[in-house]
Amino acid sequence: MKKIELKSLKNFDDLKRLLRDNKELIKTAALPLIIGAAVLFFWFYGADEGEIEVENGNNPDSDIQVESDEYGAASESVMYVDISGEVITPGVYEVYDGTRLFQVIEMAGGLTENADVNSLNQAEIVYDGQKIIVSSGSGRDTGSGENADSSDAGNGGITNGKVNLNLADSATLQTIPGIGPSKADRIIEYRNNNGRFRTVEDIMNITGIGQKTFESIKSYITV
């Protein structure tokens, strides 16, 4: 019987040629063996051609980098404040919404030995365009006030005959008609947590002070 050399099979064309040259064997029981051999051949030798390579997904070019400022405020708006007086390096500094006064002082190199620390509310939130003046000695800090001078500070938070919501202490706030100790404390607490009052209308953010109360006291207050 003629032998069929399966080792000579290299591709599909070799298989077709083998089948054509051995037509007689196709009619015999050898056909299943040939087909089985072909299947095994392409199973072992054809697998490489169908292999799919998957690239490693760790592509450094696909990394997304998000920059943030030193306060972790990448999405916050930029502001500028001017600090002078008893600080090491007075000047205009770029800050972000929510920045506290102590952070601005750090940016300015810290306080001098002559700074009146007790007059500062270093936890105060600064605002865009703020002029911060750190006073010396026993003088009252005018940093959180706007356009406030030493006479205003010396008068216990009275500006042009009105109570300055940003400078007045509890006792002075209580001179406003209808403002007692608890409301005065809430005004100071609001000032400490949220920064200065920008308009007199902001006093309505204080619990217990609504539109009616505001209308009755607005002629007594200023910022």
# chains A, B, ... in the order shown; residues from 1 in each chain; ligands from 1

call {"tool": "residues_around", "arguments": {"residues": "Glu94 of chain A", "least_positions_apart": "6", "cutoff": "12 Å", "atoms": "only C-alpha atoms", "output": "ChimeraX atom specification"}}
result
/A:69-70,77-83,103-104,107-108,126-130

call {"tool": "write_last_selection", "arguments": {"atoms": "C-alpha atoms", "output": "short mmCIF file (atom, residue, chain, number, x, y, z; two decimals), in the first residue's frame"}}
result
data_model
loop_
_atom_site.label_atom_id
_atom_site.label_comp_id
_atom_site.auth_asym_id
_atom_site.auth_seq_id
_atom_site.Cartn_x
_atom_site.Cartn_y
_atom_site.Cartn_z
CA ASP A 69 -2.36 74.46 44.51
CA GLU A 70 -0.73 74.09 47.92
CA SER A 77 -10.78 80.96 41.91
CA VAL A 78 -7.59 82.98 42.15
CA MET A 79 -7.61 86.12 44.30
CA TYR A 80 -5.08 88.79 45.26
CA VAL A 81 -4.55 90.41 48.65
CA ASP A 82 -2.20 93.19 49.74
CA ILE A 83 -0.55 92.74 53.12
CA GLN A 103 -1.73 81.57 55.48
CA VAL A 104 -1.24 85.03 53.93
CA MET A 107 3.41 83.78 52.54
CA ALA A 108 4.64 87.22 53.64
CA VAL A 126 -9.48 86.80 53.28
CA TYR A 127 -11.21 88.19 50.21
CA ASP A 128 -10.16 89.37 46.78
CA GLY A 129 -8.60 92.84 46.76
CA GLN A 130 -8.30 93.02 50.55
#

call {"tool": "residues_around", "arguments": {"residues": "segment 180-185 of chain A", "least_positions_apart": "4", "cutoff": "9 Å", "atoms": "only C-alpha atoms", "output": "list in words"}}
result
Asp169, Ser170, Ala171, Thr172, Leu173, Gln174, Thr175, Ile176, Glu189, Tyr190, Ile206, Thr207, Gly208 and Ile209 of chain A

call {"tool": "residues_around", "arguments": {"residues": "Asn193 of chain A", "least_positions_apart": "5", "cutoff": "8 Å", "atoms": "only C-alpha atoms", "output": "VMD selection string"}}
result
chain A and resid 123 to 125

call {"tool": "closest_residue", "arguments": {"among": "A:Thr112, A:Ser84, A:Asn118, A:Thr99", "to": "Val134 of chain A", "atoms": "only C-alpha atoms"}}
result
A:Ser84

call {"tool": "decode", "arguments": {"residues": "segment 76-92 of chain A", "atoms": "C-alpha atoms", "output": "mmCIF file, in the first residue's frame"}}
result
data_model
loop_
_atom_site.group_PDB
_atom_site.id
_atom_site.type_symbol
_atom_site.label_atom_id
_atom_site.label_comp_id
_atom_site.auth_asym_id
_atom_site.auth_seq_id
_atom_site.Cartn_x
_atom_site.Cartn_y
_atom_site.Cartn_z
ATOM 1 C CA GLU A 76 -10.958 77.412 43.271
ATOM 2 C CA SER A 77 -10.781 80.961 41.911
ATOM 3 C CA VAL A 78 -7.587 82.975 42.153
ATOM 4 C CA MET A 79 -7.607 86.120 44.296
ATOM 5 C CA TYR A 80 -5.077 88.790 45.259
ATOM 6 C CA VAL A 81 -4.554 90.409 48.646
ATOM 7 C CA ASP A 82 -2.197 93.186 49.735
ATOM 8 C CA ILE A 83 -0.551 92.740 53.125
ATOM 9 C CA SER A 84 1.676 95.346 54.755
ATOM 10 C CA GLY A 85 2.719 96.628 58.152
ATOM 11 C CA GLU A 86 4.468 94.339 60.604
ATOM 12 C CA VAL A 87 5.255 91.424 58.269
ATOM 13 C CA ILE A 88 8.673 90.378 56.979
ATOM 14 C CA THR A 89 7.876 90.751 53.267
ATOM 15 C CA PRO A 90 4.957 93.089 52.547
ATOM 16 C CA GLY A 91 3.395 92.861 49.119
ATOM 17 C CA VAL A 92 0.571 91.574 46.940
#
